[in-house]
Amino acid sequence: MKTTATANANIAVIKYWGRRNDELVLPYNNSISFTMDELQTKTTVEFVDGLKADELILDGKVATEKELLRVQNFLDIIRTKIGTKKHAKVVSKNSFAKSAGLASSAAAFAALAKAATKAAGMDFEDKQLSMLARRGSGSASRSIHGGAVEWLAGKREDGEDCYAIQLSKPNDWPELRNVIAISSEHEKKVGSAAGMKFSVQNSALFKSRLESVEERAAKVREAIKKRDFGTMARSIMQESNNMHAVMLDSWPPLIYLNEVSFRVIDAIIDLNSRHSKEVAAYTFDAGPNAHIYTTNRHEKEVKEILDEINGVQKTIIAKVGEGAKINSDHLF
Ligand code: DP6
């Protein structure tokens, strides 16, 4: 059956960085994110009789070997589960230009998990879908749900307690915004999977991060419950700084931020001090593009500040978005 699904990217406020099991993609710590609209992937999947190999078209182009291999490996997990050898045709499209440096493996594998399981005749619940999406990309486990989401690291070796849960619904915090400032369109030199491996292997700070991350997570959970931006803001910024300190402490050093990122950090600290309270919070993933969490009251001000910063090429404002969904509008 030909099946199409959509999924949104998510921006973590408590980060996933470091795996206790690479093959099963099991993280060391719980992570928390908001699923965001604006950055959406749509994917159509069909398992076709007689097809010799999997086919993958991304944004209208035949995928690279590397992209295809990642999708093949993911589809193999589904094929093993249902005992088929059938190959699939997969066509995927992003709502944003891939060149914007925002290509999201989270949205991609959440949409693929949702579409491919249904196309294979499996009726998966969100918990199972999250565990499956996790195998494609860790952060994809969170994009199955909309709203605020926590990915539980779990303790089991087989990963059966490692999946994401929804902390609050998409409409529970309608005032929340994420203003994205794009300063680089380049693909990162060291991918997340390789980078986090260095951190686990040889960063002394990584060990201390694991001791402090739960304290920040607890504050963020509480803030989400109360919709209290001020309480959450400082923890978000400290968490991003902490992860990037670990990255820098790794060997070879992982430097994902650029000079524009630091200009953004300065500008947000200045903004908050002018207001004498936290009205915006920056967070960065494994790249230089800034994600500024704020509320509708300050989104215009934040956008204007970011647009003025030397090196910021583009800004996008996102709201809290929905989880992965089946869509009837196929791409082929
Ligand atoms: C820095 O989910 O991209 O964005 O599991 O290797 O696909 P893989 O990694 P990925 O890692 C993202 C890490 C992060 C922080 C986060 O989103 O939690």
# chains A, B, ... in the order shown; residues from 1 in each chain; ligands from 1
>>> residues_near_ligand(ligand="ligand 1", cutoff="6 Å", atoms="only C-alpha atoms and all ligand atoms", output="PDB file with all heavy atoms, in the first residue's frame")
ATOM      1  N   ALA A  12      15.753  20.653  20.535  1.00  0.00           N
ATOM      2  CA  ALA A  12      15.940  20.209  21.920  1.00  0.00           C
ATOM      3  C   ALA A  12      16.323  21.368  22.834  1.00  0.00           C
ATOM      4  O   ALA A  12      17.097  22.248  22.446  1.00  0.00           O
ATOM      5  CB  ALA A  12      17.014  19.127  21.974  1.00  0.00           C
ATOM      6  N   LYS A  15      19.583  18.417  25.746  1.00  0.00           N
ATOM      7  CA  LYS A  15      20.125  17.784  24.550  1.00  0.00           C
ATOM      8  C   LYS A  15      20.474  16.299  24.698  1.00  0.00           C
ATOM      9  O   LYS A  15      20.868  15.850  25.781  1.00  0.00           O
ATOM     10  CB  LYS A  15      21.421  18.505  24.133  1.00  0.00           C
ATOM     11  CG  LYS A  15      21.312  20.001  23.982  1.00  0.00           C
ATOM     12  CD  LYS A  15      20.494  20.401  22.784  1.00  0.00           C
ATOM     13  CE  LYS A  15      20.617  21.896  22.522  1.00  0.00           C
ATOM     14  NZ  LYS A  15      19.777  22.323  21.397  1.00  0.00           N
ATOM     15  N   TYR A  16      20.364  15.626  23.584  1.00  0.00           N
ATOM     16  CA  TYR A  16      20.879  14.257  23.415  1.00  0.00           C
ATOM     17  C   TYR A  16      22.277  14.386  22.840  1.00  0.00           C
ATOM     18  O   TYR A  16      22.450  14.913  21.745  1.00  0.00           O
ATOM     19  CB  TYR A  16      19.919  13.527  22.477  1.00  0.00           C
ATOM     20  CG  TYR A  16      20.498  12.485  21.536  1.00  0.00           C
ATOM     21  CD1 TYR A  16      21.274  11.411  22.011  1.00  0.00           C
ATOM     22  CD2 TYR A  16      20.215  12.538  20.171  1.00  0.00           C
ATOM     23  CE1 TYR A  16      21.764  10.454  21.127  1.00  0.00           C
ATOM     24  CE2 TYR A  16      20.694  11.582  19.288  1.00  0.00           C
ATOM     25  CZ  TYR A  16      21.478  10.548  19.773  1.00  0.00           C
ATOM     26  OH  TYR A  16      21.951   9.608  18.907  1.00  0.00           O
ATOM     27  N   TRP A  17      23.272  13.958  23.596  1.00  0.00           N
ATOM     28  CA  TRP A  17      24.638  13.977  23.073  1.00  0.00           C
ATOM     29  C   TRP A  17      25.395  12.831  23.750  1.00  0.00           C
ATOM     30  O   TRP A  17      25.786  12.939  24.904  1.00  0.00           O
ATOM     31  CB  TRP A  17      25.325  15.334  23.342  1.00  0.00           C
ATOM     32  CG  TRP A  17      26.605  15.468  22.565  1.00  0.00           C
ATOM     33  CD1 TRP A  17      27.883  15.389  23.062  1.00  0.00           C
ATOM     34  CD2 TRP A  17      26.732  15.656  21.147  1.00  0.00           C
ATOM     35  NE1 TRP A  17      28.797  15.516  22.043  1.00  0.00           N
ATOM     36  CE2 TRP A  17      28.113  15.693  20.852  1.00  0.00           C
ATOM     37  CE3 TRP A  17      25.821  15.792  20.089  1.00  0.00           C
ATOM     38  CZ2 TRP A  17      28.598  15.848  19.555  1.00  0.00           C
ATOM     39  CZ3 TRP A  17      26.305  15.958  18.804  1.00  0.00           C
ATOM     40  CH2 TRP A  17      27.674  15.987  18.555  1.00  0.00           C
ATOM     41  N   SER A 105      17.288  15.345  10.274  1.00  0.00           N
ATOM     42  CA  SER A 105      17.158  13.892  10.268  1.00  0.00           C
ATOM     43  C   SER A 105      16.008  13.481  11.182  1.00  0.00           C
ATOM     44  O   SER A 105      15.429  12.412  11.029  1.00  0.00           O
ATOM     45  CB  SER A 105      18.467  13.229  10.695  1.00  0.00           C
ATOM     46  OG  SER A 105      18.821  13.666  11.985  1.00  0.00           O
ATOM     47  N   SER A 137      17.496   7.892  13.516  1.00  0.00           N
ATOM     48  CA  SER A 137      18.190   9.053  14.067  1.00  0.00           C
ATOM     49  C   SER A 137      17.642   9.265  15.468  1.00  0.00           C
ATOM     50  O   SER A 137      16.420   9.314  15.652  1.00  0.00           O
ATOM     51  CB  SER A 137      17.913  10.283  13.203  1.00  0.00           C
ATOM     52  OG  SER A 137      18.506  11.415  13.785  1.00  0.00           O
ATOM     53  N   GLY A 138      18.533   9.382  16.441  1.00  0.00           N
ATOM     54  CA  GLY A 138      18.081   9.475  17.831  1.00  0.00           C
ATOM     55  C   GLY A 138      16.999  10.527  18.029  1.00  0.00           C
ATOM     56  O   GLY A 138      15.934  10.255  18.591  1.00  0.00           O
ATOM     57  N   SER A 139      17.264  11.737  17.535  1.00  0.00           N
ATOM     58  CA  SER A 139      16.325  12.836  17.771  1.00  0.00           C
ATOM     59  C   SER A 139      14.976  12.610  17.073  1.00  0.00           C
ATOM     60  O   SER A 139      13.981  13.249  17.426  1.00  0.00           O
ATOM     61  CB  SER A 139      16.934  14.166  17.330  1.00  0.00           C
ATOM     62  OG  SER A 139      17.381  14.083  15.995  1.00  0.00           O
ATOM     63  N   SER A 192      26.727  14.248  13.748  1.00  0.00           N
ATOM     64  CA  SER A 192      26.410  14.060  15.166  1.00  0.00           C
ATOM     65  C   SER A 192      26.889  12.707  15.687  1.00  0.00           C
ATOM     66  O   SER A 192      27.492  12.627  16.762  1.00  0.00           O
ATOM     67  CB  SER A 192      24.907  14.146  15.396  1.00  0.00           C
ATOM     68  OG  SER A 192      24.398  15.338  14.927  1.00  0.00           O
ATOM     69  N   ALA A 193      26.624  11.647  14.918  1.00  0.00           N
ATOM     70  CA  ALA A 193      26.944  10.299  15.415  1.00  0.00           C
ATOM     71  C   ALA A 193      28.440  10.170  15.694  1.00  0.00           C
ATOM     72  O   ALA A 193      28.851   9.677  16.755  1.00  0.00           O
ATOM     73  CB  ALA A 193      26.491   9.245  14.413  1.00  0.00           C
ATOM     74  N   ASP A 285      22.369  23.356  18.188  1.00  0.00           N
ATOM     75  CA  ASP A 285      22.636  21.926  18.048  1.00  0.00           C
ATOM     76  C   ASP A 285      24.047  21.738  17.486  1.00  0.00           C
ATOM     77  O   ASP A 285      24.897  22.583  17.715  1.00  0.00           O
ATOM     78  CB  ASP A 285      21.549  21.273  17.187  1.00  0.00           C
ATOM     79  CG  ASP A 285      20.247  21.133  17.973  1.00  0.00           C
ATOM     80  OD1 ASP A 285      20.327  20.989  19.205  1.00  0.00           O
ATOM     81  OD2 ASP A 285      19.169  21.158  17.369  1.00  0.00           O
ATOM     82  N   ALA A 286      24.265  20.675  16.730  1.00  0.00           N
ATOM     83  CA  ALA A 286      25.614  20.443  16.208  1.00  0.00           C
ATOM     84  C   ALA A 286      25.814  21.270  14.938  1.00  0.00           C
ATOM     85  O   ALA A 286      26.049  20.751  13.853  1.00  0.00           O
ATOM     86  CB  ALA A 286      25.810  18.964  15.936  1.00  0.00           C
TER      87      ALA A 286
END
>>> select_by_dssp(residues="stretch 176-313 of chain A", states="strand (DSSP E)", output="ChimeraX atom specification")
/A:176-182,280-283,290-295
>>> write_last_selection(atoms="all heavy atoms", output="short mmCIF file (atom, residue, chain, number, x, y, z; two decimals), in the first residue's frame")
data_model
loop_
_atom_site.label_atom_id
_atom_site.label_comp_id
_atom_site.auth_asym_id
_atom_site.auth_seq_id
_atom_site.Cartn_x
_atom_site.Cartn_y
_atom_site.Cartn_z
N LEU A 176 4.53 30.17 22.68
CA LEU A 176 5.96 29.87 22.53
C LEU A 176 6.40 29.98 21.08
O LEU A 176 5.68 29.57 20.16
CB LEU A 176 6.25 28.46 23.06
CG LEU A 176 7.72 28.15 23.30
CD1 LEU A 176 8.25 28.93 24.50
CD2 LEU A 176 7.94 26.66 23.54
N ARG A 177 7.57 30.54 20.87
CA ARG A 177 8.13 30.70 19.52
C ARG A 177 9.59 30.23 19.50
O ARG A 177 10.26 30.28 20.52
CB ARG A 177 8.15 32.18 19.10
CG ARG A 177 6.80 32.84 18.99
CD ARG A 177 6.00 32.34 17.78
NE ARG A 177 4.72 33.03 17.71
CZ ARG A 177 3.62 32.65 18.35
NH1 ARG A 177 3.61 31.57 19.09
NH2 ARG A 177 2.51 33.34 18.21
N ASN A 178 10.02 29.83 18.30
CA ASN A 178 11.44 29.59 18.09
C ASN A 178 11.86 30.41 16.88
O ASN A 178 11.36 30.19 15.78
CB ASN A 178 11.69 28.09 17.83
CG ASN A 178 13.17 27.76 17.93
OD1 ASN A 178 13.92 27.99 16.99
ND2 ASN A 178 13.58 27.27 19.07
N VAL A 179 12.71 31.38 17.11
CA VAL A 179 13.19 32.21 16.01
C VAL A 179 14.55 31.63 15.60
O VAL A 179 15.48 31.57 16.40
CB VAL A 179 13.32 33.69 16.42
CG1 VAL A 179 13.60 34.54 15.17
CG2 VAL A 179 12.06 34.18 17.12
N ILE A 180 14.62 31.20 14.35
CA ILE A 180 15.83 30.53 13.88
C ILE A 180 16.65 31.53 13.08
O ILE A 180 16.13 32.21 12.19
CB ILE A 180 15.45 29.34 12.97
CG1 ILE A 180 14.48 28.41 13.71
CG2 ILE A 180 16.70 28.57 12.53
CD1 ILE A 180 13.73 27.46 12.80
N ALA A 181 17.93 31.64 13.43
CA ALA A 181 18.82 32.54 12.69
C ALA A 181 19.83 31.70 11.93
O ALA A 181 20.65 31.00 12.53
CB ALA A 181 19.53 33.48 13.66
N ILE A 182 19.75 31.75 10.62
CA ILE A 182 20.65 30.93 9.79
C ILE A 182 21.89 31.74 9.44
O ILE A 182 21.78 32.84 8.88
CB ILE A 182 19.91 30.46 8.52
CG1 ILE A 182 18.75 29.56 8.93
CG2 ILE A 182 20.86 29.71 7.58
CD1 ILE A 182 17.69 29.43 7.90
N ALA A 280 14.21 35.78 26.26
CA ALA A 280 14.63 34.94 25.13
C ALA A 280 15.75 34.02 25.60
O ALA A 280 16.48 34.35 26.53
CB ALA A 280 15.12 35.81 23.98
N ALA A 281 15.86 32.86 24.94
CA ALA A 281 16.91 31.90 25.31
C ALA A 281 17.48 31.28 24.05
O ALA A 281 16.73 30.83 23.19
CB ALA A 281 16.32 30.81 26.21
N TYR A 282 18.80 31.26 23.95
CA TYR A 282 19.42 30.66 22.76
C TYR A 282 19.72 29.18 23.00
O TYR A 282 19.95 28.76 24.14
CB TYR A 282 20.72 31.40 22.40
CG TYR A 282 21.75 31.40 23.51
CD1 TYR A 282 22.56 30.29 23.73
CD2 TYR A 282 21.88 32.49 24.36
CE1 TYR A 282 23.47 30.27 24.77
CE2 TYR A 282 22.80 32.48 25.40
CZ TYR A 282 23.60 31.37 25.59
OH TYR A 282 24.50 31.33 26.62
N THR A 283 19.68 28.42 21.93
CA THR A 283 20.17 27.04 21.98
C THR A 283 20.72 26.68 20.60
O THR A 283 20.20 27.15 19.58
CB THR A 283 19.09 26.04 22.47
OG1 THR A 283 19.70 24.75 22.61
CG2 THR A 283 17.90 25.92 21.52
N ALA A 290 21.38 29.50 15.06
CA ALA A 290 20.84 29.73 16.40
C ALA A 290 19.34 29.45 16.43
O ALA A 290 18.62 29.75 15.48
CB ALA A 290 21.08 31.19 16.79
N HIS A 291 18.89 28.88 17.52
CA HIS A 291 17.46 28.71 17.77
C HIS A 291 17.14 29.52 19.01
O HIS A 291 17.63 29.21 20.09
CB HIS A 291 17.12 27.24 18.00
CG HIS A 291 17.30 26.42 16.77
ND1 HIS A 291 16.32 26.29 15.83
CD2 HIS A 291 18.36 25.74 16.30
CE1 HIS A 291 16.76 25.55 14.83
NE2 HIS A 291 17.99 25.20 15.09
N ILE A 292 16.36 30.57 18.83
CA ILE A 292 16.04 31.43 19.96
C ILE A 292 14.62 31.17 20.40
O ILE A 292 13.65 31.49 19.70
CB ILE A 292 16.19 32.93 19.59
CG1 ILE A 292 17.53 33.19 18.89
CG2 ILE A 292 16.01 33.79 20.83
CD1 ILE A 292 18.76 32.84 19.68
N TYR A 293 14.49 30.57 21.58
CA TYR A 293 13.15 30.40 22.16
C TYR A 293 12.73 31.72 22.78
O TYR A 293 13.52 32.40 23.44
CB TYR A 293 13.15 29.29 23.22
CG TYR A 293 12.97 27.91 22.62
CD1 TYR A 293 14.04 27.03 22.51
CD2 TYR A 293 11.73 27.51 22.15
CE1 TYR A 293 13.87 25.77 21.94
CE2 TYR A 293 11.55 26.25 21.59
CZ TYR A 293 12.62 25.39 21.49
OH TYR A 293 12.43 24.16 20.93
N THR A 294 11.49 32.09 22.52
CA THR A 294 10.93 33.29 23.14
C THR A 294 9.40 33.14 23.14
O THR A 294 8.90 32.03 22.88
CB THR A 294 11.39 34.56 22.39
OG1 THR A 294 10.95 35.72 23.10
CG2 THR A 294 10.88 34.63 20.95
N THR A 295 8.69 34.21 23.46
CA THR A 295 7.22 34.15 23.41
C THR A 295 6.70 35.16 22.40
O THR A 295 7.46 36.02 21.95
CB THR A 295 6.61 34.46 24.80
OG1 THR A 295 7.12 35.72 25.21
CG2 THR A 295 6.96 33.40 25.81
#
>>> residues_around(residues="A:Asp37", least_positions_apart="4", cutoff="10 Å", atoms="only C-alpha atoms", output="VMD selection string")
chain A and resid 7 to 10 95 146 to 147 170 177 to 178 317 to 323
>>> closest_residue(among="A:Val190, A:Ile326, A:Val149, A:Ala267", to="A:Asp307", atoms="only C-alpha atoms")
A:Ala267
>>> closest_residue(among="A:Ile316, A:Gly287, A:Ala153, A:Ser199", to="A:Lys300", atoms="only C-alpha atoms")
A:Ile316
>>> residues_around(residues="stretch 157-166 of chain A", least_positions_apart="3", cutoff="8 Å", atoms="only C-alpha atoms", output="VMD selection string")
chain A and resid 24 26 127 to 128 130 to 131 134 141 to 142 144 to 154 169
>>> atom_distance(atom1="atom CA of A:Lys42", atom2="atom CA of A:Asn171")
21.8 Å
>>> closest_residue(among="A:Ala53, A:Met237, A:Glu125, A:Phe332", to="A:Asp266", atoms="only C-alpha atoms")
A:Met237
>>> atom_distance(atom1="atom CA of A:Asp249", atom2="atom CA of A:Ala233")
24.4 Å
>>> atom_distance(atom1="atom CA of A:His330", atom2="atom CA of A:Gln40")
15.1 Å
>>> residues_around(residues="A:Val220", least_positions_apart="4", cutoff="10 Å", atoms="only C-alpha atoms", output="list of chain:residue names")
A:Val13, A:Ile14, A:Ile32, A:Ser33, A:Glu214, A:Glu215, A:Arg216, A:Ile224, A:Lys225, A:Lys226, A:Arg227, A:Asp228, A:Phe229, A:Thr231, A:Met232, A:Ala233, A:Arg234, A:Ser235, A:Ile236
>>> closest_residue(among="A:Ile268, A:Ile82, A:Val25, A:Leu75", to="A:Lys114", atoms="only C-alpha atoms")
A:Leu75
>>> select_by_dssp(residues="stretch 44-186 of chain A", states="alpha helix (DSSP H)", output="MDAnalysis selection string")
chainID A and resid 65:82 105:119 126:136 140:143
>>> residues_around(residues="A:Tyr256", least_positions_apart="3", cutoff="12 Å", atoms="only C-alpha atoms", output="MDAnalysis selection string")
chainID A and resid 183:184 186:192 195 240:241 243:248 253 259:262 284:290
>>> closest_residue(among="A:Ser250, A:Ser212, A:Gln238, A:Thr80", to="A:Lys197", atoms="only C-alpha atoms")
A:Ser250
>>> residues_around(residues="A:Ala88", least_positions_apart="3", cutoff="12 Å", atoms="only C-alpha atoms", output="PyMOL selection string")
chain A and resi 1-3+44-57+68+71-72+74-76+78-79+84-85+91+112+115-117+119-120
>>> closest_residue(among="A:Thr43, A:Gln313, A:Met122, A:Thr64", to="A:Ala107", atoms="only C-alpha atoms")
A:Thr43
